[in-house]
Amino acid sequence: MITLINYGSGNIHAIANIYKRLNIPYILSSDISTLKKAEKLILPGVGDFDETMKLFRKLDIKDTLDELVLIKKVPILGVCVGMQILGNLSEEGTENGFGWIDGEVKKFDVTKFMHKPHLPHMGWNEVDPIKKSPLFDQVISENGFYFLHSYYFSCNNESDILAKTNYGIEFASAINHNNVFGFQFHPEKSHQNGIEIFRNYANL
């Protein structure tokens, strides 16, 4: 069973609808006893880093998630802000992230952009896998994925980068360390490519 962590994120129902159409079993929950039964976890996310971490602190489920992810090695997939909080901290605020992947979230520095793109990075962009992963099976890279963000994940270990995207600078648009995965883009808004991503995650 795939468990979508229901901490108040706005995109959780869009992800649930994809699994419903795919006829893949899922559940939405933030209940500790339910989370402990998860075979796979999805960490959705829309919005602010600090506010997201405060919601988790209020629910008091971080220790449970640490146990599931770090000790029991349950696969977890973070989407957008759900990816960013996998890291240590963010320039967007002062809260600590989960620290499951070694890296920091940084704001795009538009002064370094050659062609001065706008922030946020919004719309379709190509995702270039740099390591082979079953998550990208049947994905057509040229069709791209949908992005909406002003901050990006800076990995301290190059080996944790699964795919890159260029928006003024090259940044990690997909990351992976052991059983922890993250996408900066929104698969739930990315049409067939996004559907394939969620199907592939269910089949890991």
# chains A, B, ... in the order shown; residues from 1 in each chain; ligands from 1

call {"tool": "residues_around", "arguments": {"residues": "Met83 in chain A", "least_positions_apart": "4", "cutoff": "9 Å", "atoms": "only C-alpha atoms", "output": "ChimeraX atom specification"}}
result
/A:43-45,77-79,87,153,174-175,181-184

call {"tool": "write_last_selection", "arguments": {"atoms": "C-alpha atoms", "output": "PDB file, in the first residue's frame"}}
result
ATOM      1  CA  LEU A  43       5.611  13.325   0.724  1.00  0.00           C
ATOM      2  CA  PRO A  44       3.681  15.935  -1.296  1.00  0.00           C
ATOM      3  CA  GLY A  45       4.419  19.634  -1.026  1.00  0.00           C
ATOM      4  CA  LEU A  77       9.224  10.119  -2.560  1.00  0.00           C
ATOM      5  CA  GLY A  78       9.173  13.872  -1.934  1.00  0.00           C
ATOM      6  CA  VAL A  79       7.540  16.199  -4.475  1.00  0.00           C
ATOM      7  CA  GLY A  87      17.574  18.154   2.978  1.00  0.00           C
ATOM      8  CA  PHE A 153      18.117  21.585  -3.930  1.00  0.00           C
ATOM      9  CA  ALA A 174      15.549  14.696  -9.174  1.00  0.00           C
ATOM     10  CA  ILE A 175      17.533  13.238  -6.285  1.00  0.00           C
ATOM     11  CA  PHE A 181      13.718   9.987  -3.701  1.00  0.00           C
ATOM     12  CA  GLY A 182      12.763  13.536  -4.587  1.00  0.00           C
ATOM     13  CA  PHE A 183      11.411  15.482  -7.567  1.00  0.00           C
ATOM     14  CA  GLN A 184      11.535  19.268  -7.803  1.00  0.00           C
TER      15      GLN A 184
END

call {"tool": "residues_around", "arguments": {"residues": "range 57-70 of chain A", "least_positions_apart": "3", "cutoff": "10 Å", "atoms": "only C-alpha atoms", "output": "list in words"}}
result
Ile5, Tyr7, Ser30, Asp31, Ile32, Ser33, Leu35, Lys36, Lys37, Ala38, Glu39, Lys40, Leu41, Glu51, Thr52, Met53, Lys54, Lys73, Val74, Pro75, Ile76, Phe98, Gly99, Trp100, Asn178, Asn179 and Val180 of chain A

call {"tool": "closest_residue", "arguments": {"among": "A:Phe49, A:Tyr151, A:Phe171, A:Tyr146", "to": "Pro129 in chain A", "atoms": "only C-alpha atoms"}}
result
A:Phe171

call {"tool": "residues_around", "arguments": {"residues": "Phe108 in chain A", "least_positions_apart": "2", "cutoff": "7 Å", "atoms": "only C-alpha atoms", "output": "VMD selection string"}}
result
chain A and resid 106 110 150 to 152

call {"tool": "select_by_dssp", "arguments": {"residues": "chain A", "states": "strand (DSSP E or B)", "output": "MDAnalysis selection string"}}
result
chainID A and resid 2:5 26:29 40:43 76:79 89:90 96 103:107 121:125 128:129 145:149 151:155 161:167 169:177 180:183 186

call {"tool": "atom_distance", "arguments": {"atom1": "CA of Gly194 in chain A", "atom2": "CA of Cys155 in chain A"}}
result
23.3 Å

call {"tool": "residues_around", "arguments": {"residues": "Asn157 in chain A", "least_positions_apart": "5", "cutoff": "10 Å", "atoms": "only C-alpha atoms", "output": "list in words"}}
result
Ile101, Asp102, Gly103 and His177 of chain A

call {"tool": "select_by_dssp", "arguments": {"residues": "range 2-153 of chain A", "states": "alpha helix (DSSP H)", "output": "PyMOL selection string"}}
result
chain A and resi 12-21+32-35+49-59+62-66+81-84

call {"tool": "closest_residue", "arguments": {"among": "A:Glu91, A:His121, A:Ile161, A:Ile195", "to": "His149 in chain A", "atoms": "only C-alpha atoms"}}
result
A:His121

call {"tool": "closest_residue", "arguments": {"among": "A:Glu126, A:His186, A:Gly82, A:Ser173", "to": "Ser154 in chain A", "atoms": "only C-alpha atoms"}}
result
A:Ser173
